[in-house]
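Novice: The file below is protein.cif, mmCIF, C-alpha atoms:
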data_structure
#
loop_
_atom_site.label_atom_id
_atom_site.label_comp_id
_atom_site.auth_asym_id
_atom_site.auth_seq_id
_atom_site.Cartn_x
_atom_site.Cartn_y
_atom_site.Cartn_z
CA MET A 25 90.01 -115.96 -103.79
CA GLU A 26 87.88 -112.81 -103.37
CA LEU A 27 90.88 -110.75 -104.38
CA MET A 28 91.36 -112.96 -107.42
CA GLN A 29 87.70 -112.52 -108.40
CA GLU A 30 87.96 -108.76 -107.97
CA LEU A 31 91.01 -108.65 -110.17
CA ILE A 32 89.36 -110.90 -112.74
CA GLU A 33 86.31 -108.62 -112.87
CA LYS A 34 88.49 -105.54 -113.21
CA MET A 35 90.16 -107.16 -116.21
CA GLY A 36 86.96 -106.69 -118.16
CA THR A 37 87.17 -102.92 -117.74
CA ASP A 38 90.75 -102.52 -118.94
CA ALA A 39 89.78 -101.84 -122.52
CA ASP A 40 92.91 -99.88 -123.35
CA GLN A 41 95.36 -102.71 -122.67
CA SER A 42 95.70 -105.82 -124.73
CA LEU A 43 94.22 -108.89 -123.09
CA THR A 44 97.55 -110.58 -122.58
CA GLU A 45 99.27 -107.50 -121.16
CA CYS A 46 96.37 -107.11 -118.77
CA LEU A 47 96.47 -110.76 -117.80
CA THR A 48 100.20 -110.65 -117.10
CA ALA A 49 99.88 -107.51 -115.03
CA ARG A 50 96.92 -108.78 -112.99
CA ALA A 51 98.59 -112.13 -112.42
CA LYS A 52 101.78 -110.46 -111.19
CA ILE A 53 99.92 -108.10 -108.88
CA TYR A 54 97.78 -110.89 -107.48
CA ALA A 55 100.77 -113.16 -106.86
CA ALA A 56 102.79 -110.38 -105.22
CA ARG A 57 99.96 -109.34 -102.91
CA MET A 58 99.07 -112.86 -101.88
CA ARG A 59 102.69 -113.78 -101.23
CA LEU A 60 103.29 -110.75 -99.03
CA GLN A 61 100.04 -111.18 -97.13
CA HIS A 62 100.88 -114.74 -96.11
CA THR A 63 104.43 -114.42 -94.82
CA VAL A 64 104.97 -116.09 -91.45
CA ASP A 65 108.18 -114.49 -90.18
CA GLN A 66 111.01 -112.19 -91.19
CA ALA A 67 112.92 -114.81 -93.14
CA ASP A 68 109.80 -115.68 -95.08
CA ALA A 69 109.11 -112.00 -95.73
CA LEU A 70 112.58 -111.44 -97.14
CA ASP A 71 112.22 -114.59 -99.22
CA ALA A 72 108.92 -113.25 -100.51
CA ILE A 73 110.61 -110.06 -101.69
CA ARG A 74 113.35 -112.07 -103.37
CA GLU A 75 110.77 -114.32 -105.09
CA ILE A 76 108.75 -111.38 -106.29
CA ALA A 77 111.79 -109.58 -107.67
CA ALA A 78 113.23 -112.66 -109.37
CA ASN A 79 110.15 -114.47 -110.61
CA LEU A 80 107.78 -111.62 -111.36
CA MET A 81 110.07 -108.72 -112.28
CA GLY A 82 113.21 -110.39 -113.53
CA CYS A 83 115.84 -109.20 -111.07
CA GLU A 84 118.17 -111.19 -108.85
CA GLU A 85 120.22 -108.30 -107.48
CA LEU A 86 118.56 -106.35 -104.72
CA ALA A 87 119.23 -104.72 -101.38
CA LEU A 88 117.02 -103.74 -98.49
CA TYR A 89 117.96 -100.78 -96.32
CA LYS A 90 116.57 -99.67 -93.00
CA VAL A 91 115.97 -95.96 -92.72
CA ASP A 92 117.38 -93.49 -90.23
CA HIS A 93 115.25 -90.42 -90.89
CA SER A 94 117.13 -88.31 -88.34
CA LYS A 95 120.38 -88.61 -90.30
CA GLY A 96 118.99 -89.20 -93.77
CA ALA A 97 120.95 -92.44 -93.84
CA LEU A 98 120.09 -95.87 -95.17
CA TRP A 99 121.82 -98.87 -93.59
CA LEU A 100 122.04 -102.14 -95.50
CA TYR A 101 119.87 -104.71 -93.74
CA TRP A 102 119.68 -107.52 -96.26
CA SER A 103 120.86 -108.18 -99.78
CA PHE A 104 120.69 -110.78 -102.48
CA GLY A 105 122.96 -111.19 -105.48
CA ILE A 106 125.18 -108.17 -104.80
CA ASP A 107 128.38 -107.42 -102.88
CA PRO A 108 127.09 -106.16 -99.51
CA ASN A 109 130.20 -104.03 -99.04
CA THR A 110 129.58 -101.97 -102.15
CA HIS A 111 126.68 -99.95 -100.79
CA ALA A 112 126.62 -100.71 -97.08
CA VAL A 113 125.47 -97.22 -96.17
CA LEU A 114 123.68 -94.69 -98.36
CA ASP A 115 123.37 -90.99 -97.71
CA ALA A 116 119.99 -89.75 -98.86
CA THR A 117 121.17 -86.14 -98.52
CA GLN A 118 123.59 -86.81 -101.39
CA GLU A 119 121.18 -88.71 -103.61
CA ALA A 120 118.17 -86.86 -104.95
CA ALA A 121 116.41 -90.05 -105.95
CA LEU A 122 116.84 -91.52 -102.47
CA ALA A 123 115.62 -88.35 -100.83
CA GLU A 124 112.52 -88.40 -102.97
CA ALA A 125 112.00 -92.09 -102.25
CA LEU A 126 112.01 -91.32 -98.52
CA THR A 127 108.89 -89.23 -99.11
CA GLY A 128 107.14 -92.43 -100.12
CA LYS A 129 107.48 -92.19 -103.89
CA VAL A 130 108.62 -95.21 -105.90
CA MET A 131 111.48 -94.10 -108.13
CA PHE A 132 112.54 -95.44 -111.52
CA PRO A 133 115.90 -93.72 -112.16
CA LYS A 134 116.56 -92.36 -115.59
CA GLN A 135 119.68 -92.78 -117.65
CA ASP A 136 121.34 -89.50 -116.66
CA ARG A 137 122.23 -91.05 -113.29
CA THR A 138 122.99 -88.44 -110.73
CA GLY A 139 124.31 -89.33 -107.30
CA ILE A 140 126.68 -91.97 -105.97
CA LEU A 141 124.28 -94.89 -105.99
CA LEU A 142 123.00 -94.15 -109.43
CA ASN A 143 126.49 -93.67 -110.83
CA ALA A 144 127.65 -97.05 -109.61
CA HIS A 145 128.61 -99.81 -111.98
CA ASN A 146 125.51 -101.77 -111.13
CA PRO A 147 122.54 -99.96 -112.68
CA VAL A 148 119.57 -99.19 -110.46
CA SER A 149 116.23 -100.20 -111.92
CA ALA A 150 113.97 -99.06 -109.09
CA ILE A 151 114.01 -97.58 -105.61
CA VAL A 152 111.01 -98.75 -103.60
CA PRO A 153 110.19 -97.09 -100.28
CA ILE A 154 108.50 -99.55 -97.96
CA SER A 155 106.04 -97.97 -95.60
CA LEU A 156 104.42 -99.04 -92.37
CA SER A 157 101.70 -96.88 -90.87
CA GLU A 158 102.55 -94.18 -93.42
CA VAL A 159 106.18 -94.02 -92.35
CA VAL A 160 108.94 -95.17 -94.70
CA VAL A 161 110.75 -97.79 -92.61
CA ALA A 162 112.86 -99.39 -95.33
CA VAL A 163 113.98 -98.89 -98.89
CA LEU A 164 114.33 -101.68 -101.43
CA VAL A 165 116.81 -101.02 -104.21
CA ILE A 166 116.37 -103.16 -107.29
CA PHE A 167 119.56 -103.30 -109.31
CA ARG A 168 120.41 -104.92 -112.62
CA LEU A 169 117.69 -106.89 -114.40
CA LEU A 170 118.20 -110.33 -115.89
CA PRO A 171 119.68 -110.32 -119.43
CA GLN A 172 116.38 -111.36 -120.99
CA LYS A 173 114.59 -108.42 -119.35
CA PRO A 174 115.45 -105.11 -121.05
CA SER A 175 113.55 -102.86 -118.65
CA LEU A 176 110.74 -102.70 -116.14
CA ASP A 177 107.37 -102.52 -117.82
CA HIS A 178 104.00 -101.23 -116.64
CA ALA A 179 103.19 -104.46 -114.80
CA ASP A 180 106.53 -104.38 -112.98
CA ARG A 181 105.94 -100.81 -111.87
CA GLU A 182 102.61 -101.88 -110.41
CA VAL A 183 104.36 -104.71 -108.57
CA CYS A 184 106.75 -102.12 -107.14
CA GLN A 185 103.71 -100.24 -105.85
CA VAL A 186 102.50 -103.45 -104.22
CA LEU A 187 105.88 -103.88 -102.56
CA ALA A 188 105.80 -100.30 -101.35
CA SER A 189 102.37 -100.63 -99.79
CA CYS A 190 102.31 -104.26 -98.62
CA ALA A 191 105.87 -105.30 -97.77
CA GLY A 192 105.95 -103.05 -94.72
CA ARG A 193 103.44 -105.22 -92.86
CA ALA A 194 105.63 -108.24 -93.57
CA ILE A 195 109.07 -106.89 -92.71
CA GLY A 196 108.47 -103.63 -90.87
CA PRO A 197 107.86 -105.07 -87.41
CA HIS A 198 111.10 -107.04 -87.64
CA ILE A 199 113.51 -104.28 -88.64
CA PRO A 200 115.35 -103.16 -85.48
CA ASN A 201 115.30 -99.51 -84.50
CA VAL A 202 118.14 -97.56 -86.01
CA GLY A 203 120.16 -96.22 -83.10
CA THR A 204 123.77 -97.25 -83.28
CA GLY A 205 123.82 -97.27 -87.05
CA GLU A 206 125.01 -100.85 -87.19
CA SER A 207 124.13 -102.66 -90.36
CA THR A 208 123.21 -106.28 -90.54
CA CYS A 209 123.72 -108.09 -93.75
CA THR A 210 122.50 -111.58 -94.45
CA MET B 1 88.20 -134.04 -121.51
CA ALA B 2 90.34 -131.11 -120.40
CA LYS B 3 94.07 -131.41 -120.76
CA LYS B 4 95.95 -131.72 -117.49
CA VAL B 5 99.04 -129.64 -116.73
CA LEU B 6 101.42 -130.27 -113.84
CA LEU B 7 102.99 -127.03 -112.54
CA VAL B 8 106.19 -127.52 -110.57
CA ASP B 9 107.95 -124.72 -108.69
CA ASP B 10 109.24 -124.18 -105.16
CA SER B 11 108.12 -120.54 -105.44
CA SER B 12 104.50 -120.06 -104.43
CA THR B 13 104.66 -116.69 -106.18
CA THR B 14 105.40 -118.32 -109.52
CA LEU B 15 102.77 -121.01 -108.99
CA MET B 16 100.11 -118.40 -108.21
CA MET B 17 100.99 -116.43 -111.31
CA GLU B 18 101.01 -119.47 -113.58
CA GLN B 19 97.71 -120.68 -112.16
CA MET B 20 96.03 -117.34 -112.63
CA ILE B 21 97.25 -117.00 -116.21
CA LEU B 22 96.27 -120.52 -117.21
CA LYS B 23 92.91 -120.46 -115.43
CA GLN B 24 91.98 -117.28 -117.28
CA ALA B 25 93.37 -118.14 -120.69
CA THR B 26 92.80 -121.89 -120.94
CA ASP B 27 90.57 -124.74 -119.84
CA TYR B 28 93.45 -126.88 -118.67
CA GLU B 29 93.14 -128.77 -115.42
CA LEU B 30 96.02 -127.79 -113.15
CA VAL B 31 97.91 -129.73 -110.50
CA THR B 32 100.93 -128.48 -108.61
CA ALA B 33 104.10 -129.76 -106.95
CA ARG B 34 106.79 -127.94 -104.97
CA ASP B 35 109.99 -129.82 -105.83
CA GLY B 36 111.41 -132.49 -108.11
CA PHE B 37 110.53 -135.47 -105.93
CA GLU B 38 106.98 -134.26 -105.45
CA ALA B 39 106.75 -133.63 -109.19
CA ILE B 40 107.63 -137.21 -110.05
CA ALA B 41 105.15 -138.62 -107.56
CA CYS B 42 102.46 -136.22 -108.70
CA ALA B 43 103.10 -137.03 -112.35
CA VAL B 44 102.84 -140.77 -111.73
CA GLU B 45 99.59 -140.29 -109.81
CA ASN B 46 97.92 -137.75 -112.12
CA ASN B 47 99.28 -138.67 -115.55
CA PRO B 48 99.50 -135.08 -116.84
CA ASP B 49 99.45 -134.12 -120.51
CA LEU B 50 102.28 -131.65 -119.95
CA VAL B 51 104.71 -130.71 -117.20
CA LEU B 52 105.79 -127.09 -116.66
CA MET B 53 108.72 -127.29 -114.29
CA ASP B 54 111.14 -124.88 -112.62
CA VAL B 55 114.82 -125.77 -112.75
CA VAL B 56 116.24 -124.50 -109.45
CA MET B 57 114.37 -126.33 -106.70
CA PRO B 58 115.30 -127.95 -103.39
CA ARG B 59 115.71 -131.70 -102.89
CA LEU B 60 115.67 -132.50 -106.62
CA ASN B 61 116.14 -129.87 -109.33
CA GLY B 62 114.27 -129.66 -112.61
CA PHE B 63 117.06 -131.19 -114.68
CA GLU B 64 117.22 -134.29 -112.47
CA ALA B 65 113.46 -134.59 -112.21
CA CYS B 66 113.25 -134.42 -115.98
CA LYS B 67 115.76 -137.26 -116.33
CA HIS B 68 113.79 -139.37 -113.86
CA MET B 69 110.56 -138.74 -115.75
CA ARG B 70 112.17 -139.72 -119.03
CA ALA B 71 113.34 -142.97 -117.42
CA ASN B 72 109.78 -143.73 -116.32
CA ARG B 73 107.83 -145.74 -118.88
CA GLU B 74 104.55 -143.95 -118.17
CA LEU B 75 106.06 -140.46 -118.30
CA ARG B 76 108.70 -140.70 -121.00
CA ASN B 77 106.51 -139.14 -123.68
CA VAL B 78 104.93 -136.39 -121.63
CA PRO B 79 106.02 -132.96 -122.90
CA ILE B 80 108.20 -131.22 -120.31
CA ILE B 81 108.81 -127.47 -120.44
CA LEU B 82 111.49 -126.15 -118.12
CA VAL B 83 111.20 -122.70 -116.56
CA THR B 84 114.16 -120.74 -115.27
CA THR B 85 115.67 -117.32 -114.80
CA ARG B 86 118.79 -118.53 -116.59
CA GLY B 87 118.62 -118.23 -120.35
CA GLU B 88 122.31 -118.77 -121.07
CA GLU B 89 123.18 -121.20 -123.84
CA GLU B 90 124.81 -123.75 -121.56
CA TYR B 91 121.76 -123.81 -119.33
CA VAL B 92 119.43 -124.32 -122.23
CA ALA B 93 121.67 -127.08 -123.52
CA ALA B 94 121.63 -128.78 -120.12
CA GLY B 95 117.88 -128.61 -120.15
CA PHE B 96 117.55 -130.30 -123.49
CA HIS B 97 120.20 -132.83 -122.49
CA SER B 98 118.06 -133.76 -119.50
CA GLY B 99 115.23 -134.55 -121.86
CA CYS B 100 112.98 -131.50 -121.83
CA ASN B 101 110.98 -130.54 -124.90
CA ASP B 102 111.14 -126.78 -124.48
CA TYR B 103 112.40 -123.95 -122.35
CA ILE B 104 110.89 -120.68 -121.11
CA THR B 105 112.62 -117.98 -119.10
CA LYS B 106 111.35 -116.00 -116.16
CA PRO B 107 109.76 -113.58 -115.69
CA ILE B 108 106.97 -115.37 -117.47
CA ASN B 109 104.96 -113.55 -120.08
CA SER B 110 101.38 -114.75 -120.30
CA ARG B 111 101.23 -114.59 -124.09
CA GLU B 112 104.42 -116.60 -124.45
CA LEU B 113 103.31 -119.15 -121.86
CA VAL B 114 99.84 -119.72 -123.30
CA THR B 115 101.12 -119.86 -126.87
CA LEU B 116 103.75 -122.40 -125.90
CA LEU B 117 101.31 -124.65 -124.07
CA HIS B 118 98.78 -124.40 -126.87
CA SER B 119 101.48 -125.56 -129.29
CA TYR B 120 101.76 -128.82 -127.34
CA LEU B 121 98.21 -129.30 -126.09
CA GLY B 122 95.99 -127.43 -128.48
CA GLU B 123 93.52 -124.75 -127.48
#
For the structure just supplied, provide its representation as structure tokens.

Specialist:
Amino acid sequence: MELMQELIEKMGTDADQSLTECLTARAKIYAARMRLQHTVDQADALDAIREIAANLMGCEELALYKVDHSKGALWLYWSFGIDPNTHAVLDATQEAALAEALTGKVMFPKQDRTGILLNAHNPVSAIVPISLSEVVVAVLVIFRLLPQKPSLDHADREVCQVLASCAGRAIGPHIPNVGTGESTCT
Amino acid sequence: MAKKVLLVDDSSTTLMMEQMILKQATDYELVTARDGFEAIACAVENNPDLVLMDVVMPRLNGFEACKHMRANRELRNVPIILVTTRGEEEYVAAGFHSGCNDYITKPINSRELVTLLHSYLGE
């Protein structure tokens, strides 16, 4: 509840945003943070990500990749709403947006779509690097949004930042070390 | 006396968001339930002025819970607003066929949510 109070108090200082936009954004950020902070195991953590993407951002097509920094490869670890065979392995050396995401930056690809992932039939809405102890351990790719959601707005981008900074504590300890390059899809 | 709203969703994320929005923008008293069966029991016990209910839930979904509430003498006139990620025409039709009064799609927008509830409960 202290976090809620802090967010409520900060609302009063957001003079530039309309009250309702501010309220939506703060509510989304609060819900995302609280959900990620209270996960109990890996399954719950993955469910939290799915809930946040679907209920707060408006996306039911997402994929989580574990990172092999030595090879610049991303191996599909978990997905929801997409064909897991379509992008089972991603090569960050061939995708500028992925390479930049591995530096820790949340990416919102533009329409020009360069690279294999971004040229795929399923549009990419966001690429979220998930960090643990300042190391990117996983990458969450958010694909097509629901029909009633034309694009990610300011609040959604802040939720992506929450995922980037908080999801690592929930899922990071459970992602196996990348050694053999095997991917595990659920 | 403050109006009472029953929030029903199996997603704690959605419940947190709805609670935060409504606590900040309204004076409604809020109660929560996590699935259709719990919603019916909670509605009978608390006699809410409005039910805001998710559709896809375990044990008993929102459509079925809505039908049960409409069959209950004490709940048949309570406004029920269904919440879902699915906004397709057939889904909306199924919702109204189950007896709901209105429909709102996820992700929820605070302005839309508050305006809709105010239209049924007043400010």

Novice: Measuring between only C-alpha atoms, which one of B:Leu60, B:Met16, B:Val51, B:Val8 shows the shortest distance to Leu117 in chain B?

Specialist: B:Val51

Novice: Please determine, counting only C-alpha atoms, which residue among B:Gly87, B:Gly36, B:Pro48, B:Pro79 has the shortest atom-to-atom distance to chain A.

Specialist: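 Result for the nearest residue to chain A: B:Gly87.
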
Novice: Dump as an mmCIF file with C-alpha atoms, keeping the file's coordinate frame all residues having an atom at most 10 Å from (110.2, -140.3, -112.0), computed in the file's coordinates with all atoms listed in the file.

Specialist:
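Output file selection39.cif follows:
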data_model
loop_
_atom_site.group_PDB
_atom_site.id
_atom_site.type_symbol
_atom_site.label_atom_id
_atom_site.label_comp_id
_atom_site.auth_asym_id
_atom_site.auth_seq_id
_atom_site.Cartn_x
_atom_site.Cartn_y
_atom_site.Cartn_z
ATOM 1 C CA GLY B 36 111.410 -132.490 -108.110
ATOM 2 C CA PHE B 37 110.530 -135.470 -105.930
ATOM 3 C CA GLU B 38 106.980 -134.260 -105.450
ATOM 4 C CA ALA B 39 106.750 -133.630 -109.190
ATOM 5 C CA ILE B 40 107.630 -137.210 -110.050
ATOM 6 C CA ALA B 41 105.150 -138.620 -107.560
ATOM 7 C CA CYS B 42 102.460 -136.220 -108.700
ATOM 8 C CA ALA B 43 103.100 -137.030 -112.350
ATOM 9 C CA VAL B 44 102.840 -140.770 -111.730
ATOM 10 C CA GLU B 64 117.220 -134.290 -112.470
ATOM 11 C CA ALA B 65 113.460 -134.590 -112.210
ATOM 12 C CA CYS B 66 113.250 -134.420 -115.980
ATOM 13 C CA LYS B 67 115.760 -137.260 -116.330
ATOM 14 C CA HIS B 68 113.790 -139.370 -113.860
ATOM 15 C CA MET B 69 110.560 -138.740 -115.750
ATOM 16 C CA ARG B 70 112.170 -139.720 -119.030
ATOM 17 C CA ALA B 71 113.340 -142.970 -117.420
ATOM 18 C CA ASN B 72 109.780 -143.730 -116.320
ATOM 19 C CA ARG B 73 107.830 -145.740 -118.880
ATOM 20 C CA GLU B 74 104.550 -143.950 -118.170
ATOM 21 C CA LEU B 75 106.060 -140.460 -118.300
ATOM 22 C CA ARG B 76 108.700 -140.700 -121.000
#

Novice: Could you write out as a tab-separated table (two decimals) with C-alpha atoms, in the coordinates of the input the residues of chain B within 10 Å of chain A, counting all atoms listed in the file?

Specialist:
chain	number	residue	atom	x	y	z
B	10	ASP	CA	109.24	-124.18	-105.16
B	11	SER	CA	108.12	-120.54	-105.44
B	12	SER	CA	104.50	-120.06	-104.43
B	13	THR	CA	104.66	-116.69	-106.18
B	14	THR	CA	105.40	-118.32	-109.52
B	15	LEU	CA	102.77	-121.01	-108.99
B	16	MET	CA	100.11	-118.40	-108.21
B	17	MET	CA	100.99	-116.43	-111.31
B	18	GLU	CA	101.01	-119.47	-113.58
B	19	GLN	CA	97.71	-120.68	-112.16
B	20	MET	CA	96.03	-117.34	-112.63
B	21	ILE	CA	97.25	-117.00	-116.21
B	22	LEU	CA	96.27	-120.52	-117.21
B	24	GLN	CA	91.98	-117.28	-117.28
B	25	ALA	CA	93.37	-118.14	-120.69
B	84	THR	CA	114.16	-120.74	-115.27
B	85	THR	CA	115.67	-117.32	-114.80
B	86	ARG	CA	118.79	-118.53	-116.59
B	87	GLY	CA	118.62	-118.23	-120.35
B	88	GLU	CA	122.31	-118.77	-121.07
B	105	THR	CA	112.62	-117.98	-119.10
B	106	LYS	CA	111.35	-116.00	-116.16
B	107	PRO	CA	109.76	-113.58	-115.69
B	108	ILE	CA	106.97	-115.37	-117.47
B	109	ASN	CA	104.96	-113.55	-120.08
B	110	SER	CA	101.38	-114.75	-120.30
B	111	ARG	CA	101.23	-114.59	-124.09
B	112	GLU	CA	104.42	-116.60	-124.45
B	114	VAL	CA	99.84	-119.72	-123.30

Novice: Report as JSON, numbers by chain all protein, DNA and RNA residues lying within 8 Å of Leu7 in chain B, evaluated on only C-alpha atoms, omitting residues in the same chain fewer than 2 positions from it.

Specialist: {"B": [5, 9, 15, 18, 30, 31, 32, 33, 51, 52, 53]}

Novice: Name the residues in contact with Lys3 in chain B at a cut-off of 9 Å, using all atoms listed in the file, excluding same-chain residues fewer than 4 positions from it; report them as a list in words.

Specialist: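 Those residues are Asp27, Tyr28, Glu29, Leu30, Pro48, Asp49, Leu50, Leu121 and Gly122 of chain B.
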
Novice: Which one is closest to Asn61 in chain B: B:Leu116, B:Val92, B:Ser98, B:Asn47? Count all atoms listed in the file.

Specialist: B:Ser98

Novice: Residues within 7 Å of Trp99 in chain A, please, as a list in words. Count all atoms listed in the file; anything in the same chain fewer than 2 positions from it doesn't count.

Specialist: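 My list of contacting residues is Tyr89, Lys90, Val91, Ala97, Tyr101, Ala112, Val113, Leu114 and Ser207 of chain A.
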
Novice: Given the selection you just returned, output its residues as a file containing C-alpha atoms, formatted as a PDB file, in the frame of the given file.

Specialist:
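Saved as out_38.pdb:
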ATOM      1  CA  TYR A  89     117.960-100.780 -96.320  1.00  0.00           C
ATOM      2  CA  LYS A  90     116.570 -99.670 -93.000  1.00  0.00           C
ATOM      3  CA  VAL A  91     115.970 -95.960 -92.720  1.00  0.00           C
ATOM      4  CA  ALA A  97     120.950 -92.440 -93.840  1.00  0.00           C
ATOM      5  CA  TYR A 101     119.870-104.710 -93.740  1.00  0.00           C
ATOM      6  CA  ALA A 112     126.620-100.710 -97.080  1.00  0.00           C
ATOM      7  CA  VAL A 113     125.470 -97.220 -96.170  1.00  0.00           C
ATOM      8  CA  LEU A 114     123.680 -94.690 -98.360  1.00  0.00           C
ATOM      9  CA  SER A 207     124.130-102.660 -90.360  1.00  0.00           C
TER      10      SER A 207
END

Novice: Could you jot down the CA of Val165 in chain A to CA of Leu88 in chain A separation for me, Å, one decimal place?

Specialist: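 If I compute the distance from CA of Val165 in chain A to CA of Leu88 in chain A, I get 6.3 Å.
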
Novice: Which residue out of B:Asn46, B:Lys23, B:Arg34, B:Tyr103 has the minimum interatomic distance to Val83 in chain B when only C-alpha atoms are used?

Specialist: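 Going through B:Asn46, B:Lys23, B:Arg34, B:Tyr103 one by one, the smallest distance to Val83 in chain B is for B:Tyr103.
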
Novice: How many Å separate CA of Pro58 in chain B from CA of Tyr91 in chain B?

Specialist: 17.7 Å

Novice: Go through A:Glu119, A:Thr110, A:Asp68, A:Val183 one by one, measure the shortest atom-to-atom distance of each to Ala87 in chain A using only C-alpha atoms, and give the residue with the smallest value.

Specialist: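 Looking only at the distances to Ala87 in chain A, the closest residue turns out to be A:Thr110.
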
Novice: Have a look at CA of Leu113 in chain B and CA of Gly62 in chain B and let me know their distance in Å, one decimal.

Specialist: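 Pair CA of Leu113 in chain B / CA of Gly62 in chain B returns 17.8 Å.
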
Novice: For Lys134 in chain A, work out the shell of residues within 10 Å, counting only C-alpha atoms and skipping chain neighbours fewer than 5 positions away, then give it as a list of chain:residue names.

Specialist: A:Ala121, A:Leu142, A:Val148, A:Ser149, A:Ala150

Novice: Determine the residue set returned by the PyMOL selection byres ((chain B and resi 101) around 6) for the present structure, and present it as a ChimeraX atom specification.

Specialist: /B:79-81,100,102

Novice: Ranking A:Ala123, A:Ala162, A:Leu156, A:Val130 by minimum distance to Cys184 in chain A and counting only C-alpha atoms, which one comes first?

Specialist: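 Going through A:Ala123, A:Ala162, A:Leu156, A:Val130 one by one, the smallest distance to Cys184 in chain A is for A:Val130.
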